[in-house]
Structure formats: structure tokens, C-alpha cells
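Have a look at the structure below, then the notes.
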Amino acid sequence: MPETKELNSSADASAERWERETLGPVLKKRPERKKRFETVSLDEVNRLYTPADVSDVVFERDTAYPGEFPYTRGIHPTGYRGKLWTMRQFAGFGTPEETNARFKYLLEHGQTGLSVAYDLPTLMGYDADSPLSEGEVGKCGVAVSSLADMEVLFDGIPLEEVTVSQTINAPASVLLAMYLVVAEKQGADFRKVSGTLQNDILKEYIAQKEWIYPIRPAMKLVIDTFEFCTRHVPKYNPISVSGYHIREAGSTALQELAFTLRDGVEYVQWGVDAGLDVDEFVPRISFFFNAHNDFFEEVAKYRAARRIWARVMRERFGAGSERTLQLRFHTQTAGVSLTVQQPLNNIVRVAIQALAGVLGGTQSLHTDAYDEALALPTDRAALIALRTQQIIAEETGVANTVDPLGGSYFIESLTKKMEDGAYEYFDKIDSMGGMVEAIEKGFPQREIQESAYQYQKAVERGDQTIVGVNKYSMEGEQTEVPTLVIDEGVRGRQVERLERAKSRRDSGEVANSLEKLKRAAASGDNTMPATIEAVRAYATLGEICDALRDVYGLYEEPAF
Amino acid sequence: MNERKIRVLVAKPGLDGHDRGAKVIARALRDAGMEVIYTGLRQTPEMIAAAALQEDVDAVGVSILSGAHNTLCPRIVELLRERGMDDCLVIVGGIIPQEDIPRLKEQGVSAVFLPGTSTEDIVTFLRDNVGQRA
């Protein structure tokens, strides 16, 4: 101990000397560009980081080796030297036929996993023919109303081999059931089927707001999928706990980290309360983070995420298995950072954001297309986004060594700051009784709204620069990039297939399966078996969600 | 000085839940001294028009990011006009392709604000254009 103290005081002395002799005269001659330098989260950054800033970071305890607790440097001892991240571009638009063609296009060009974007009616549990679906069918994603659509969506794509991620939340259990039934029809073995369901309902109430049922029954549906997958589809990730949308809604990097991991803790707690074994179901919980503009802040966020999760799983839940302690995550570049103005600049933003995800050790990555502030991506824009990942992976050399930024005074200090800040949020949320209660009080929602507003103000004051928007803008600029147009006939074609599927099915079987589902929901039984049965009978998404709406009711957002 | 404050209904039609923009705009307009009523999510054009009439607003600000603007915006304008709100401005913000803007304007939308717009520009637009109202 005395030795460390001595080292510290000599470090302090040398820092003082540097400030006096070298820094001072320069500052006098040329003051810095700004009084305060801050991250995109409006968090202050110091001029210089030195050993003094990491005096409370102990290598063996906090940083350590990759593949070992607390996994700050990654969950694989070989980083990307063994296996590169999965290049998983999120895609979905129009009819299942159109999206199926895009999937095949991406696979042909070297993409290694699939990720489905569903349209808003699907996300909200409505069929294409619902009056509420007018104007929305196939617009923000692919339209799926029944198993008949899902069969087309995955036609010619072997689900035992390709891992598919599905971005679906409120009706996630139904889409999981459809996916499994398609796999079954392809002859796949459930035990070999892999993939990821977003299924993170908490962040819907917090940020993205595509909810159906009240929070507690919605949480019950999530736990049903955990239980079912643990037992029958053991290689499947039934949840991707998502900070992405929290960040897009305007949170800071720290809020994204803290709320996402605290959501993760909430799911684990509910699973444990339902009688599941931590070391059996937690290894299949995955995470999903944003990659925003502030490079170092993002890298620190991912490193802190792994460390926090490992510690919390061990300390709070007594996890024993290594897999339980290892946080695995997907990353997507920040859609919100893309600009309509000078849209080709977005290619550069995406490349830098993606690099942060890679240097943070992501398991899979989606790079946004440069035209996404205008519309859904064209083939050409989607291809450049994929190529961006391939250039990072195979040209830049960043995948050659594990955690290359580890040991940087700045990165280690920022990682620690993120970790400490997250624990402070955990304490606040715990004192409210948990995340469900905190959401009911509107706590994370208000925090995010406030950050979004402060950021907007900072941009308008010019404290935060957006190139091409509040600086270096071009008068009379014409955006000349071609955009993808979803033709208004999608709804008609989808309604036709829906009617065909309805006319062919056994309506008695449909009614019985829906009754069975209602009984399971009302009695608190696991709803997955009845959901699968209903899907097999070609009950539609809207019908299945209506059955659950009857039992659970609807969520009403309180005003904050 | 008994000038009536500008009254704005900020509305989020359609199924989309991305309300960051709507909420930031609502607060910025309030900070600029306007009276703002936020409808909350998933309002049908009928609900929006009814709220606009009931609140006697000078302008309706519609936030759409889902691509459903070509269906929803003309319908909102039409319903407002049916209710006799001929002077009520309809302004739209969100992800709107350039090529859709001329048609939206022909259909009665007063202005379209794309991502990157300063909230001050929207405040100025409302001050300049609501003024004509008796």
C-alpha cells in the first residue's frame, strides 16, 4: 500500500509540473477552442487522462483478461481472431415476397445472419385488413398477418442453418410461434433452431412505445417464452434486451446503459420468481445497444456493460455458470444521427459508429444505410452499409488484436465512470421497487425526455455540431439520392393472401385454439403451447392478439 | 396587452410510437410562449380533428415517421375543413421524402419540416403565419 501511495504522489507531482511548465504557457498564448468539451451525451471530457485517472481501476480485478471475469475486455479469449462478428443487416419492407428477395440478396453478398423488420400493424398485433392498418401495411417493415405470410418470408431459407433475428415485441410470442412452425414444416429440429427474438417489452413502455397489453401481463408473456425456449428450443435467444431504442428516443449513453441493464435485471428477477434456474435461462438472454457518434464514450459503454452484467449476475443472483456472466450483444449504428442534408455524409458517420461497436466487442452488427433519414434503404444503400462492415473487418486491422483500446487511461477511466453511473441509476430504480414500478412512475421516460430536449437545445446553440445541418450547410442543396418507394398496392395483396388463408382453414379448429389460449392466459399457464396450436391452425396475428386483449386488457400510457 | 397566445395541437397519428420529435417540439413551443396540447399516441385523423376543434387551436402539428403521411395528412386537413376550421394551419414534421412535399402542400399542408429543422424555425413559422388569423 505505501508503495502505491508513493507512486500516486509522484504522479501528482509530475502532473503539476507538466501543467506549470508545459501546459500553462501554451494556454496563455492560445486558449482552447471551448471552455467545456463534452460528449454527445453532454458529459464533460477532461483535457488529458493519466495514471491518476485510473488509480481506482485494478487490472486483475476490473480489466483483466478477455474470456475471464468480469469480461471487460470481451467474452472470447481470442476476440475476433477466432470468429468475426455476425454481419446482420436489419431488413423488411412491403410484402413477404419482396423481403424474402432482399434477404437472399444480402446472403448472396456475404451477409452472415438475417434480421427481420416488421411493419407497424404487425408490431401492434393487427392484421393487414384492420382499419387501423390503413396506410401502414409494409411501410416500416414486412407485413405478416398469419403463418401463410411467414411461410413466404422464409421460403428457401433453411432455419436450421441461418440464424434469424426478429424485431418484434408486444406480439413476440406469436411471431416466435410462427417462426417455429415454419421451421417445423421445413423439417428442422427445434433443438437445433437458433436465432433471436427482441421480445423486450420494458423498453417499449420506456422508449419505443409499441405496446399492446398492460405491463404485468406483458411481462408474463415474456417469461412464457423464456420457459418454453429453455425447455424446447435451447439454442434460441428468447430476448434481446435493447438499449437501442432508449438511445434513439434521446437518452444519454449512460442512461442507455443503465436502463437497459436494469431491464435485464428485471427480466432475470421475473424469471427467477417464476421458478427458472438462473444458469439455465440467463445464458440465452442477449443485449442490443446503439452505436452513436461519440466514439470513446460508446466503446466505454460496451466495456462497462459486460463488467456490470458479470458482477450483477454473480452478486445479485449468485450465478455460477460462465455463460450466465457473459453479456453478448448486437449493435446497430444510430439511426437518429443520420441526416437528410448531404446524405452521403451518413456513410462516414456509420463507418465510425460501427468501428466503435467493433472496438467495444460486439457479437453482431447492423450498419445503417445512408438514405435512412429519407426512407427505407434501397438495395444499393443497403449494400454499401454491408460493405462498410466488410472493410472494417478485413481491411483496417482492428480485428487483429483483442480489445485494442484496453489500458487507455481515457477508456479505462470512462468505463469506470459508466459503471459507477449505472449503479447509481440501479439504486434509484431499486428504491422505487424495481423497473416495472419505475416505469409505472414514469421515471425512465422523464429522464429520457429531458435528455432529448437538452440535446436539441445544445444543437440549436451550436454547442453540438451536426455537419451539413448546423454547420457547413449548403444553401439550396438538392438531395439527389434515389429512395425506396413502397407501393400502395401492398395492402391489397396482403389482404388477398389473408382472405385466401382464412378461406382454407378449419374455422372450428381456429375457434377452439383461441379459446384454449384464452384459458391459458386467464389461468396463468404458459401461453406458448396454445399459441403454437393457434398458429398451426392459421389463426391470424390479429385474432391471437385479440384473444389476449380480451383477457389482459390494453395499456394506457399515463401522462407525464 | 391582451394578445391571445398561439394555440397548437401536437398530434401523433398512425400506429408509430416514436414520439421523441413530437415531445421535443411540444416543449419548445411551450417555452416559446405558446399553448400546446399534445394528443398522445395513436390518434386517428377523426380524433385529431375533434381535438383541434374542441381546443380551438390555430395550428395542428403532425409528427409522422412511418411513411403513412400520404394517407393521414390529407385526411386530417379534410376533416378540419369539414368542421369549419378553414384557417387552422396543418404543419407536418418527420421522415417525409422530398418528392411527396409538393403534393402534401397542394392538399392543404402549410409546411413540412424535415429532420434537422431547428425548433426556432418552427416557432418563427407559426408566429408569422398564425398572425393573419382574425
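Following the order of the C-alpha cells, first chain is A, next is B, and so on, with residues numbered from 1 inside each chain and ligands from 1 in the order they appear.
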
Compile the contact shell of segment 59-68 of chain B as a list of chain:residue names: residues with an atom at most 7 Å away, counting only C-alpha atoms, same-chain residues fewer than 3 positions apart removed.
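Skipping anything fewer than 3 positions along the chain leaves A:Gly135, A:Glu136, A:Lys139, A:Cys140, B:Arg7, B:Val8, B:Leu9, B:Val10, B:Ala11, B:Lys12, B:Asp16, B:Ala22, B:Thr71, B:Leu72, B:Cys88, B:Leu89, B:Val90, B:Ile91, B:Val92, B:Gly93, B:Gly94, B:Ile95.
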
Sorted by chain and rising residue number, list the residues of chain B at most 12 Å from chain A (counting only C-alpha atoms), each with its closest atom pair and distance in Å to one decimal, as a Markdown table.
```
| residue | atom | partner | partner_atom | distance |
| --- | --- | --- | --- | --- |
| B:Pro13 | CA | A:Leu132 | CA | 10.5 |
| B:Gly14 | CA | A:Leu132 | CA | 7.6 |
| B:Leu15 | CA | A:Leu120 | CA | 6.1 |
| B:Asp16 | CA | A:Leu120 | CA | 6.5 |
| B:Gly17 | CA | A:Lys209 | CA | 4.8 |
| B:His18 | CA | A:Gln208 | CA | 5.8 |
| B:Asp19 | CA | A:Ala249 | CA | 7.7 |
| B:Arg20 | CA | A:Ala249 | CA | 5.4 |
| B:Gly21 | CA | A:Ala249 | CA | 8.6 |
| B:Ala22 | CA | A:Gln449 | CA | 10.7 |
| B:Lys23 | CA | A:Gln449 | CA | 7.5 |
| B:Val24 | CA | A:Tyr453 | CA | 5.6 |
| B:Ile25 | CA | A:Tyr453 | CA | 8.9 |
| B:Ala26 | CA | A:Tyr453 | CA | 10.3 |
| B:Arg27 | CA | A:Tyr453 | CA | 8.0 |
| B:Ala28 | CA | A:Tyr453 | CA | 8.3 |
| B:Leu29 | CA | A:Tyr453 | CA | 12.0 |
| B:Asp31 | CA | A:Tyr453 | CA | 11.3 |
| B:Ile37 | CA | A:Ala559 | CA | 11.9 |
| B:Tyr38 | CA | A:Ala559 | CA | 9.9 |
| B:Thr39 | CA | A:Ala559 | CA | 10.2 |
| B:Gly40 | CA | A:Ala559 | CA | 8.3 |
| B:Leu41 | CA | A:Lys209 | CA | 8.6 |
| B:Arg42 | CA | A:Leu132 | CA | 9.3 |
| B:Gln43 | CA | A:Leu132 | CA | 10.1 |
| B:Thr44 | CA | A:Leu132 | CA | 8.3 |
| B:Pro45 | CA | A:Leu132 | CA | 11.0 |
| B:Ile64 | CA | A:Glu136 | CA | 11.2 |
| B:Leu65 | CA | A:Cys140 | CA | 9.0 |
| B:Ser66 | CA | A:Cys140 | CA | 6.0 |
| B:Gly67 | CA | A:Lys139 | CA | 6.0 |
| B:Ala68 | CA | A:Gly135 | CA | 5.0 |
| B:His69 | CA | A:Gly135 | CA | 7.9 |
| B:Asn70 | CA | A:Gly135 | CA | 7.8 |
| B:Thr71 | CA | A:Gly135 | CA | 5.5 |
| B:Leu72 | CA | A:Gly135 | CA | 7.4 |
| B:Cys73 | CA | A:Gly135 | CA | 10.8 |
| B:Pro74 | CA | A:Gly135 | CA | 12.0 |
| B:Arg75 | CA | A:Gly135 | CA | 11.4 |
| B:Gly94 | CA | A:Ala373 | CA | 9.2 |
| B:Ile95 | CA | A:Leu374 | CA | 5.9 |
| B:Ile96 | CA | A:Leu374 | CA | 6.6 |
| B:Pro97 | CA | A:Leu374 | CA | 5.6 |
| B:Gln98 | CA | A:Thr479 | CA | 8.0 |
| B:Glu99 | CA | A:Thr483 | CA | 9.8 |
| B:Asp100 | CA | A:Val485 | CA | 10.8 |
| B:Phe113 | CA | A:Val340 | CA | 11.2 |
| B:Leu114 | CA | A:Val340 | CA | 7.5 |
| B:Pro115 | CA | A:Val340 | CA | 6.5 |
| B:Gly116 | CA | A:Val469 | CA | 6.1 |
| B:Thr117 | CA | A:Val469 | CA | 8.3 |
| B:Ser118 | CA | A:Glu460 | CA | 6.4 |
| B:Thr119 | CA | A:Glu460 | CA | 7.9 |
| B:Glu120 | CA | A:Glu460 | CA | 8.2 |
| B:Asp121 | CA | A:Glu460 | CA | 10.4 |
```

List the spatial neighbours of Met528 of chain A as a list in words - criterion: any atom at most 7 Å away, only C-alpha atoms, same-chain residues fewer than 2 positions off excluded.
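These residues fall inside the cut-off: Ser173, Asp224, Thr225, Phe228, Asn526, Ala530, Thr531 and Ile532 of chain A.
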
Shell around segment 405-416 of chain A at 10 Å using only C-alpha atoms, local window under 3 positions removed, as an MDAnalysis selection string
chainID A and resid 45:46 48:57 59 62:64 72:73 296:305 307:308 359:360 401:402 419:422

In Å, how far is it from atom CA of Glu106 of chain B to atom CA of Asp86 of chain B?
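Going from atom CA of Glu106 of chain B over to atom CA of Asp86 of chain B, I get 14.9 Å.
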
When you look at Leu548 of chain A with a cut-off of 10 Å (counting only C-alpha atoms), what residues show up, excluding the ones that are within fewer than 2 positions of it in the same chain? I need them as a PyMOL selection string.
chain A and resi 171+212-213+217-218+514+517-522+527+542-546+550-554

What residues in segment 26-59 of chain B get the DSSP label helix (DSSP H, G or I)? Please answer as a ChimeraX atom specification.
/B:26-31,45-55

Which neighbours of segment 388-393 of chain A fall inside 12 Å, counting only C-alpha atoms, when residues of the same chain fewer than 4 positions from it are skipped, and could you give them as an MDAnalysis selection string?
chainID A and resid 80:81 83:89 109:112 331:333 346:359 364:370 381:384 397:401

Restricting it to C-alpha atoms, dump the selection as an mmCIF file, in the first residue's frame.
```
data_model
loop_
_atom_site.group_PDB
_atom_site.id
_atom_site.type_symbol
_atom_site.label_atom_id
_atom_site.label_comp_id
_atom_site.auth_asym_id
_atom_site.auth_seq_id
_atom_site.Cartn_x
_atom_site.Cartn_y
_atom_site.Cartn_z
ATOM 1 C CA TYR A 80 -12.310 -11.518 -33.395
ATOM 2 C CA ARG A 81 -9.231 -13.581 -34.260
ATOM 3 C CA LYS A 83 -14.587 -15.527 -35.435
ATOM 4 C CA LEU A 84 -15.624 -12.141 -36.765
ATOM 5 C CA TRP A 85 -18.843 -10.573 -35.579
ATOM 6 C CA THR A 86 -22.009 -11.589 -37.403
ATOM 7 C CA MET A 87 -22.939 -9.076 -40.076
ATOM 8 C CA ARG A 88 -26.652 -8.881 -39.561
ATOM 9 C CA GLN A 89 -28.472 -6.230 -41.558
ATOM 10 C CA HIS A 109 -23.380 -10.701 -50.899
ATOM 11 C CA GLY A 110 -21.765 -12.159 -47.811
ATOM 12 C CA GLN A 111 -24.169 -11.299 -45.021
ATOM 13 C CA THR A 112 -23.996 -13.950 -42.320
ATOM 14 C CA THR A 331 -25.066 -3.295 -32.118
ATOM 15 C CA GLN A 332 -26.779 -1.004 -34.573
ATOM 16 C CA THR A 333 -25.472 2.360 -35.668
ATOM 17 C CA ASN A 346 -24.016 9.351 -43.415
ATOM 18 C CA ILE A 347 -21.742 6.663 -44.871
ATOM 19 C CA VAL A 348 -18.874 8.201 -42.906
ATOM 20 C CA ARG A 349 -20.894 8.510 -39.695
ATOM 21 C CA VAL A 350 -21.972 4.895 -39.946
ATOM 22 C CA ALA A 351 -18.407 3.674 -40.508
ATOM 23 C CA ILE A 352 -17.131 5.436 -37.395
ATOM 24 C CA GLN A 353 -20.068 4.307 -35.263
ATOM 25 C CA ALA A 354 -19.622 0.742 -36.477
ATOM 26 C CA LEU A 355 -15.955 0.894 -35.583
ATOM 27 C CA ALA A 356 -16.918 1.828 -32.018
ATOM 28 C CA GLY A 357 -19.174 -1.242 -31.853
ATOM 29 C CA VAL A 358 -16.334 -3.423 -33.086
ATOM 30 C CA LEU A 359 -13.768 -1.972 -30.705
ATOM 31 C CA SER A 364 -23.175 -8.830 -34.280
ATOM 32 C CA LEU A 365 -23.635 -5.577 -36.085
ATOM 33 C CA HIS A 366 -26.106 -3.718 -38.254
ATOM 34 C CA THR A 367 -24.807 -0.726 -40.145
ATOM 35 C CA ASP A 368 -27.456 1.779 -41.200
ATOM 36 C CA ALA A 369 -27.813 2.740 -44.827
ATOM 37 C CA TYR A 370 -27.044 6.350 -45.748
ATOM 38 C CA ALA A 381 -27.588 1.817 -49.983
ATOM 39 C CA ALA A 382 -28.029 -1.469 -48.091
ATOM 40 C CA LEU A 383 -25.064 -2.945 -49.957
ATOM 41 C CA ILE A 384 -22.743 -0.035 -49.074
ATOM 42 C CA GLY A 397 -6.647 -4.454 -38.992
ATOM 43 C CA VAL A 398 -8.791 -3.603 -35.976
ATOM 44 C CA ALA A 399 -9.855 -7.227 -35.606
ATOM 45 C CA ASN A 400 -6.272 -8.434 -35.271
ATOM 46 C CA THR A 401 -5.925 -7.967 -31.535
#
```

Extract the full set of strand (DSSP E) residues from chain B according to DSSP on the backbone, and format it as a compact mmCIF listing (two decimals) with C-alpha atoms, in the first residue's frame.
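Written out: result-v2.txt:
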```
# COMPACT_ATOMS: atom_id res chain seq x y z
CA ARG B 7 -52.63 27.54 -29.55
CA VAL B 8 -51.14 24.42 -31.13
CA LEU B 9 -52.26 20.82 -31.11
CA VAL B 10 -49.27 18.49 -31.43
CA ALA B 11 -50.54 15.20 -32.80
CA GLU B 35 -50.22 26.96 -25.55
CA VAL B 36 -49.64 23.38 -26.56
CA ILE B 37 -51.92 20.39 -26.33
CA TYR B 38 -50.27 17.03 -27.02
CA ALA B 59 -52.41 25.08 -35.83
CA VAL B 60 -52.10 21.33 -35.81
CA GLY B 61 -48.55 19.94 -35.82
CA VAL B 62 -48.47 16.37 -37.07
CA SER B 63 -45.46 14.12 -36.45
CA ILE B 64 -45.11 11.14 -38.81
CA LEU B 89 -52.76 25.52 -40.17
CA VAL B 90 -51.57 21.97 -40.60
CA ILE B 91 -47.82 21.53 -40.36
CA VAL B 92 -46.04 18.20 -40.69
CA GLY B 93 -42.71 17.01 -39.32
CA GLY B 94 -40.87 13.73 -39.72
CA ALA B 111 -45.36 23.44 -44.20
CA VAL B 112 -43.28 20.29 -43.95
CA PHE B 113 -40.29 20.23 -41.58
```

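Across the model, the gap from atom CA of Val142 of chain A to atom CA of Val241 of chain A is 22.1 Å.
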